[in-house]
Amino acid sequence: AQKITQTQPGMFVQEKEAVTLDCTYDTSDPSYGLFWYKQPSSGEMIFLIYQGSYDQQNATEGRYSLNFQKARKSANLVISASQLGDSAMYFCAMREGGVDNDMRFGAGTRLTVKP
Amino acid sequence: EPEVTQTPSHQVTQMGQEVILRCVPISNHLYFYWYRQILGQKVEFLVSFYNNEISEKSEIFDDQFSVERPDGSNFTLKIRSTKLEDSAMYFCASVRNNSPLHFGNGTRLTVT
């Protein structure tokens, strides 16, 4: 069963504007972690931000913030002040339980920042 | 900052041949993973490895696949008899504890 859902195959945003990339997940495990990764055209996977299921506050890392709504099982990524270099694929991922469990990825959202 | 390194960056092989993809995880990391990404598609989990044995594997990781940590630094993925559909980017990742995975830059495998 699909555990991570990213419903936006592609998104466009104007440079300097904010954009929200959606991610919903499904789990019955009370302990889990949510991650966002960026994959530019060069192919590497770059970690952006992490939210633990027990974290009380939404995670933030520079221009990235995670809008964590636990009851709705959503973990949307917000990128503020978009830059041309933000154009990339963005993947949401979840790991249930401990670190030896696999991390499952969503299908990804391709973000294009327009000048 | 320490990195996960993967070699080669690109490997071309003929169908039916064996390939070994190599990874050097970050030195103090304890958990190791292989993922693959077929071009334009999602990143798929293959296998996790801890304490010199497989912790978990996906349905993709069938008998054609094996992993090994032959020494203290390398972590390898072997595909015994490659098929056309094995063509993909293969990512190695490692982590020390319950933190985000550190990915290598990947090996692009092309099976002809």
# chains A, B, ... in the order shown; residues from 1 in each chain; ligands from 1
$ select_by_dssp --residues "range 25-109 of chain A" --states "strand (DSSP E or B)" --output "PyMOL selection string"
chain A and resi 25+32-39+46-52+60-61+64-69+74-79+88-96+103-105+109
$ residues_around --residues "Arg95 in chain A" --least-positions-apart "6" --cutoff "8 Å" --atoms "only C-alpha atoms" --output "MDAnalysis selection string"
chainID A and resid 32:34 101:104
$ closest_atom_pairs --of "chain B" --to "chain A" --cutoff "7 Å" --atoms "only C-alpha atoms" --output "CSV"
residue,atom,partner,partner_atom,distance
B:Tyr31,CA,A:Asp100,CA,6.7
B:Gln41,CA,A:Ala107,CA,6.8
B:Lys42,CA,A:Ala107,CA,4.7
B:Val43,CA,A:Phe105,CA,6.0
B:Glu44,CA,A:Phe105,CA,6.9
B:Phe45,CA,A:Asp102,CA,6.6
B:Ser48,CA,A:Asp100,CA,6.6
B:Ser55,CA,A:Asp100,CA,6.4
B:Glu56,CA,A:Asn101,CA,6.8
B:Asn97,CA,A:Val99,CA,6.4
B:Asn98,CA,A:Val99,CA,5.0
B:Phe103,CA,A:Met45,CA,6.1
B:Asn105,CA,A:Glu44,CA,4.7
B:Gly106,CA,A:Glu44,CA,6.8
$ write_last_selection --atoms "all heavy atoms" --output "compact mmCIF listing (two decimals), in the first residue's frame"
# COMPACT_ATOMS: atom_id res chain seq x y z
N TYR B 31 24.50 1.88 9.87
CA TYR B 31 23.41 1.31 9.08
C TYR B 31 23.64 1.70 7.62
O TYR B 31 23.96 2.85 7.32
CB TYR B 31 22.05 1.85 9.54
CG TYR B 31 21.74 1.55 10.98
CD1 TYR B 31 22.19 2.38 12.00
CD2 TYR B 31 21.00 0.42 11.33
CE1 TYR B 31 21.92 2.11 13.33
CE2 TYR B 31 20.72 0.14 12.66
CZ TYR B 31 21.18 0.97 13.65
OH TYR B 31 20.90 0.70 14.96
N GLN B 41 11.45 8.06 -12.21
CA GLN B 41 10.50 7.47 -11.27
C GLN B 41 10.94 7.68 -9.83
O GLN B 41 11.92 8.37 -9.55
CB GLN B 41 10.32 5.98 -11.60
CG GLN B 41 9.74 5.74 -12.98
CD GLN B 41 9.41 4.28 -13.24
OE1 GLN B 41 9.18 3.51 -12.32
NE2 GLN B 41 9.38 3.91 -14.51
N LYS B 42 10.18 7.09 -8.92
CA LYS B 42 10.46 7.32 -7.51
C LYS B 42 11.66 6.51 -7.04
O LYS B 42 12.10 5.57 -7.69
CB LYS B 42 9.22 6.96 -6.68
CG LYS B 42 8.88 5.49 -6.68
CD LYS B 42 7.49 5.24 -6.12
CE LYS B 42 7.42 5.50 -4.65
NZ LYS B 42 6.10 5.14 -4.08
N VAL B 43 12.16 6.91 -5.90
CA VAL B 43 13.28 6.22 -5.27
C VAL B 43 12.72 5.01 -4.51
O VAL B 43 11.82 5.16 -3.69
CB VAL B 43 14.01 7.17 -4.31
CG1 VAL B 43 15.18 6.46 -3.65
CG2 VAL B 43 14.49 8.41 -5.05
N GLU B 44 13.27 3.84 -4.81
CA GLU B 44 12.74 2.60 -4.23
C GLU B 44 13.77 1.95 -3.30
O GLU B 44 14.93 1.78 -3.66
CB GLU B 44 12.39 1.61 -5.34
CG GLU B 44 11.35 2.11 -6.32
CD GLU B 44 11.18 1.14 -7.48
OE1 GLU B 44 12.13 0.95 -8.25
OE2 GLU B 44 10.08 0.54 -7.58
N PHE B 45 13.31 1.52 -2.16
CA PHE B 45 14.16 0.84 -1.20
C PHE B 45 14.49 -0.56 -1.70
O PHE B 45 13.62 -1.29 -2.19
CB PHE B 45 13.44 0.76 0.14
CG PHE B 45 14.07 -0.15 1.16
CD1 PHE B 45 15.21 0.24 1.83
CD2 PHE B 45 13.51 -1.39 1.43
CE1 PHE B 45 15.79 -0.60 2.77
CE2 PHE B 45 14.08 -2.23 2.37
CZ PHE B 45 15.22 -1.84 3.04
N SER B 48 18.41 -2.92 3.61
CA SER B 48 19.16 -2.28 4.69
C SER B 48 20.05 -3.32 5.35
O SER B 48 19.75 -4.53 5.33
CB SER B 48 18.22 -1.63 5.71
OG SER B 48 17.38 -2.61 6.31
N SER B 55 19.04 -6.31 7.39
CA SER B 55 17.98 -6.02 8.35
C SER B 55 16.61 -6.15 7.72
O SER B 55 15.69 -6.70 8.31
CB SER B 55 18.13 -4.60 8.90
OG SER B 55 19.34 -4.45 9.57
N GLU B 56 16.52 -5.62 6.54
CA GLU B 56 15.24 -5.63 5.84
C GLU B 56 15.50 -5.58 4.34
O GLU B 56 16.51 -5.02 3.91
CB GLU B 56 14.41 -4.41 6.25
CG GLU B 56 12.98 -4.45 5.80
CD GLU B 56 12.14 -3.32 6.41
OE1 GLU B 56 12.63 -2.64 7.33
OE2 GLU B 56 11.00 -3.14 5.96
N ASN B 97 22.73 6.93 13.49
CA ASN B 97 21.65 6.65 14.43
C ASN B 97 20.36 7.12 13.80
O ASN B 97 20.26 7.20 12.58
CB ASN B 97 21.93 7.35 15.76
CG ASN B 97 22.30 8.80 15.57
OD1 ASN B 97 21.94 9.41 14.56
ND2 ASN B 97 23.04 9.35 16.50
N ASN B 98 19.40 7.45 14.57
CA ASN B 98 18.09 7.77 14.02
C ASN B 98 18.08 9.19 13.47
O ASN B 98 17.48 10.10 14.03
CB ASN B 98 17.02 7.60 15.10
CG ASN B 98 15.65 7.43 14.49
OD1 ASN B 98 15.50 7.15 13.30
ND2 ASN B 98 14.63 7.60 15.31
N PHE B 103 23.11 10.15 1.46
CA PHE B 103 23.17 9.43 0.19
C PHE B 103 24.47 9.72 -0.54
O PHE B 103 25.00 10.84 -0.49
CB PHE B 103 22.01 9.86 -0.72
CG PHE B 103 20.69 9.24 -0.34
CD1 PHE B 103 19.87 9.86 0.58
CD2 PHE B 103 20.27 8.06 -0.92
CE1 PHE B 103 18.65 9.30 0.93
CE2 PHE B 103 19.05 7.49 -0.57
CZ PHE B 103 18.25 8.11 0.35
N ASN B 105 26.33 9.86 -4.42
CA ASN B 105 25.90 10.50 -5.67
C ASN B 105 25.30 9.52 -6.67
O ASN B 105 24.83 9.93 -7.72
CB ASN B 105 27.05 11.25 -6.31
CG ASN B 105 27.37 12.54 -5.56
OD1 ASN B 105 26.56 13.03 -4.79
ND2 ASN B 105 28.55 13.07 -5.78
N GLY B 106 25.36 8.23 -6.35
CA GLY B 106 24.70 7.24 -7.18
C GLY B 106 25.60 6.66 -8.26
O GLY B 106 26.60 7.26 -8.68
$ closest_residue --among "A:Ser31, A:Thr24, A:Ser82, A:Gln8" --to "Ser53 in chain A" --atoms "only C-alpha atoms"
A:Ser31
$ residues_around --residues "Phe75 in chain B" --least-positions-apart "2" --cutoff "6 Å" --atoms "only C-alpha atoms" --output "list in words"
Cys23, Glu68 and Arg69 of chain B
$ write_last_selection --atoms "N, CA, C and O atoms" --output "PDB file, in the first residue's frame"
ATOM      1  N   CYS B  23      30.364   1.058  -2.688  1.00  0.00           N
ATOM      2  CA  CYS B  23      30.033   2.202  -1.852  1.00  0.00           C
ATOM      3  C   CYS B  23      30.991   2.224  -0.667  1.00  0.00           C
ATOM      4  O   CYS B  23      31.326   1.166  -0.108  1.00  0.00           O
ATOM      5  N   GLU B  68      27.158  -7.055   0.534  1.00  0.00           N
ATOM      6  CA  GLU B  68      28.284  -7.545   1.309  1.00  0.00           C
ATOM      7  C   GLU B  68      29.051  -6.352   1.864  1.00  0.00           C
ATOM      8  O   GLU B  68      29.111  -5.291   1.239  1.00  0.00           O
ATOM      9  N   ARG B  69      29.599  -6.556   3.038  1.00  0.00           N
ATOM     10  CA  ARG B  69      30.536  -5.578   3.592  1.00  0.00           C
ATOM     11  C   ARG B  69      31.829  -6.348   3.842  1.00  0.00           C
ATOM     12  O   ARG B  69      32.076  -6.840   4.940  1.00  0.00           O
TER      13      ARG B  69
END
$ residues_around --residues "Val13 in chain A" --least-positions-apart "3" --cutoff "8 Å" --atoms "only C-alpha atoms" --output "list of chain:residue names"
A:Glu17, A:Ala18, A:Val19, A:Ser82, A:Leu111, A:Thr112, A:Val113, A:Lys114
$ residues_around --residues "Leu84 in chain B" --least-positions-apart "2" --cutoff "12 Å" --atoms "only C-alpha atoms" --output "VMD selection string"
chain B and resid 12 to 17 38 81 to 82 86 to 88 109 to 112
$ atom_distance --atom1 "CA of Leu66 in chain A" --atom2 "CA of Met94 in chain A"
13.5 Å
$ closest_residue --among "B:Phe91, B:Gln64, B:Arg96, B:Asn51" --to "Asn28 in chain B" --atoms "only C-alpha atoms"
B:Arg96
$ residues_around --residues "Lys70 in chain A" --least-positions-apart "2" --cutoff "10 Å" --atoms "only C-alpha atoms" --output "list of chain:residue names"
A:Thr24, A:Tyr25, A:Ser53, A:Tyr54, A:Asn67, A:Phe68, A:Arg72, A:Lys73, A:Ser74, A:Ala75
$ write_last_selection --atoms "N, CA, C and O atoms" --output "PDB file, in the first residue's frame"
ATOM      1  N   THR A  24       1.359  13.697   2.018  1.00  0.00           N
ATOM      2  CA  THR A  24       0.559  13.016   3.038  1.00  0.00           C
ATOM      3  C   THR A  24       1.115  11.616   3.219  1.00  0.00           C
ATOM      4  O   THR A  24       1.744  11.053   2.317  1.00  0.00           O
ATOM      5  N   TYR A  25       0.888  11.074   4.395  1.00  0.00           N
ATOM      6  CA  TYR A  25       1.463   9.773   4.709  1.00  0.00           C
ATOM      7  C   TYR A  25       0.453   8.932   5.460  1.00  0.00           C
ATOM      8  O   TYR A  25      -0.562   9.442   5.945  1.00  0.00           O
ATOM      9  N   SER A  53       7.882  12.358  14.701  1.00  0.00           N
ATOM     10  CA  SER A  53       6.454  12.288  15.030  1.00  0.00           C
ATOM     11  C   SER A  53       6.145  12.857  16.403  1.00  0.00           C
ATOM     12  O   SER A  53       5.009  13.270  16.665  1.00  0.00           O
ATOM     13  N   TYR A  54       7.128  12.878  17.261  1.00  0.00           N
ATOM     14  CA  TYR A  54       6.903  13.398  18.610  1.00  0.00           C
ATOM     15  C   TYR A  54       7.329  14.849  18.761  1.00  0.00           C
ATOM     16  O   TYR A  54       7.176  15.432  19.847  1.00  0.00           O
ATOM     17  N   ASN A  67       5.429  22.060   7.380  1.00  0.00           N
ATOM     18  CA  ASN A  67       4.112  22.274   7.984  1.00  0.00           C
ATOM     19  C   ASN A  67       3.548  20.911   8.365  1.00  0.00           C
ATOM     20  O   ASN A  67       2.944  20.213   7.547  1.00  0.00           O
ATOM     21  N   PHE A  68       3.783  20.535   9.616  1.00  0.00           N
ATOM     22  CA  PHE A  68       3.440  19.208  10.110  1.00  0.00           C
ATOM     23  C   PHE A  68       2.064  19.251  10.762  1.00  0.00           C
ATOM     24  O   PHE A  68       1.869  19.931  11.777  1.00  0.00           O
ATOM     25  N   ARG A  72      -3.915  15.254  10.444  1.00  0.00           N
ATOM     26  CA  ARG A  72      -4.238  15.113   9.027  1.00  0.00           C
ATOM     27  C   ARG A  72      -3.220  14.232   8.310  1.00  0.00           C
ATOM     28  O   ARG A  72      -3.377  13.966   7.129  1.00  0.00           O
ATOM     29  N   LYS A  73      -2.169  13.846   9.010  1.00  0.00           N
ATOM     30  CA  LYS A  73      -1.077  13.058   8.430  1.00  0.00           C
ATOM     31  C   LYS A  73      -0.517  13.745   7.190  1.00  0.00           C
ATOM     32  O   LYS A  73      -0.426  13.163   6.095  1.00  0.00           O
ATOM     33  N   SER A  74      -0.190  15.005   7.382  1.00  0.00           N
ATOM     34  CA  SER A  74       0.440  15.717   6.284  1.00  0.00           C
ATOM     35  C   SER A  74       1.727  16.376   6.756  1.00  0.00           C
ATOM     36  O   SER A  74       1.863  16.740   7.937  1.00  0.00           O
ATOM     37  N   ALA A  75       2.657  16.506   5.838  1.00  0.00           N
ATOM     38  CA  ALA A  75       3.981  17.068   6.150  1.00  0.00           C
ATOM     39  C   ALA A  75       4.431  17.864   4.946  1.00  0.00           C
ATOM     40  O   ALA A  75       5.332  17.459   4.198  1.00  0.00           O
TER      41      ALA A  75
END
$ residues_around --residues "Thr107 in chain B" --least-positions-apart "5" --cutoff "9 Å" --atoms "only C-alpha atoms" --output "mmCIF file with N, CA, C and O atoms, in the first residue's frame"
data_model
loop_
_atom_site.group_PDB
_atom_site.id
_atom_site.type_symbol
_atom_site.label_atom_id
_atom_site.label_comp_id
_atom_site.auth_asym_id
_atom_site.auth_seq_id
_atom_site.Cartn_x
_atom_site.Cartn_y
_atom_site.Cartn_z
ATOM 1 N N GLN B 6 30.440 6.625 -4.022
ATOM 2 C CA GLN B 6 30.029 5.469 -4.824
ATOM 3 C C GLN B 6 30.864 5.407 -6.096
ATOM 4 O O GLN B 6 31.135 6.437 -6.721
ATOM 5 N N THR B 7 31.242 4.192 -6.440
ATOM 6 C CA THR B 7 31.968 3.981 -7.692
ATOM 7 C C THR B 7 31.431 2.740 -8.398
ATOM 8 O O THR B 7 30.985 1.785 -7.751
ATOM 9 N N PRO B 8 31.424 2.737 -9.743
ATOM 10 C CA PRO B 8 31.690 3.882 -10.607
ATOM 11 C C PRO B 8 30.486 4.811 -10.651
ATOM 12 O O PRO B 8 29.428 4.468 -10.150
ATOM 13 N N SER B 9 30.643 5.954 -11.270
ATOM 14 C CA SER B 9 29.502 6.847 -11.418
ATOM 15 C C SER B 9 28.563 6.340 -12.511
ATOM 16 O O SER B 9 27.361 6.573 -12.460
ATOM 17 N N HIS B 10 29.132 5.646 -13.487
ATOM 18 C CA HIS B 10 28.311 5.092 -14.566
ATOM 19 C C HIS B 10 28.890 3.744 -14.968
ATOM 20 O O HIS B 10 30.099 3.623 -15.148
ATOM 21 N N GLN B 11 28.019 2.749 -15.057
ATOM 22 C CA GLN B 11 28.446 1.422 -15.464
ATOM 23 C C GLN B 11 27.518 0.920 -16.570
ATOM 24 O O GLN B 11 26.300 0.955 -16.431
ATOM 25 N N LEU B 21 28.372 -2.981 -7.622
ATOM 26 C CA LEU B 21 28.365 -1.546 -7.363
ATOM 27 C C LEU B 21 28.985 -1.325 -5.984
ATOM 28 O O LEU B 21 28.631 -2.007 -5.025
ATOM 29 N N ARG B 22 29.868 -0.355 -5.922
ATOM 30 C CA ARG B 22 30.637 -0.173 -4.695
ATOM 31 C C ARG B 22 30.289 1.128 -3.998
ATOM 32 O O ARG B 22 29.993 2.134 -4.633
ATOM 33 N N ALA B 88 19.039 1.559 -13.994
ATOM 34 C CA ALA B 88 18.536 2.527 -13.026
ATOM 35 C C ALA B 88 19.723 3.235 -12.396
ATOM 36 O O ALA B 88 20.881 2.873 -12.609
ATOM 37 N N MET B 89 19.405 4.250 -11.595
ATOM 38 C CA MET B 89 20.404 4.858 -10.720
ATOM 39 C C MET B 89 20.337 4.112 -9.399
ATOM 40 O O MET B 89 19.240 3.937 -8.845
ATOM 41 N N TYR B 90 21.482 3.684 -8.907
ATOM 42 C CA TYR B 90 21.540 2.975 -7.635
ATOM 43 C C TYR B 90 22.236 3.877 -6.612
ATOM 44 O O TYR B 90 23.356 4.335 -6.827
ATOM 45 N N PHE B 91 21.534 4.106 -5.518
ATOM 46 C CA PHE B 91 22.056 4.951 -4.454
ATOM 47 C C PHE B 91 22.409 4.122 -3.232
ATOM 48 O O PHE B 91 21.620 3.288 -2.781
ATOM 49 N N CYS B 92 23.561 4.397 -2.704
ATOM 50 C CA CYS B 92 23.956 3.870 -1.407
ATOM 51 C C CYS B 92 23.702 4.964 -0.365
ATOM 52 O O CYS B 92 23.808 6.155 -0.680
#
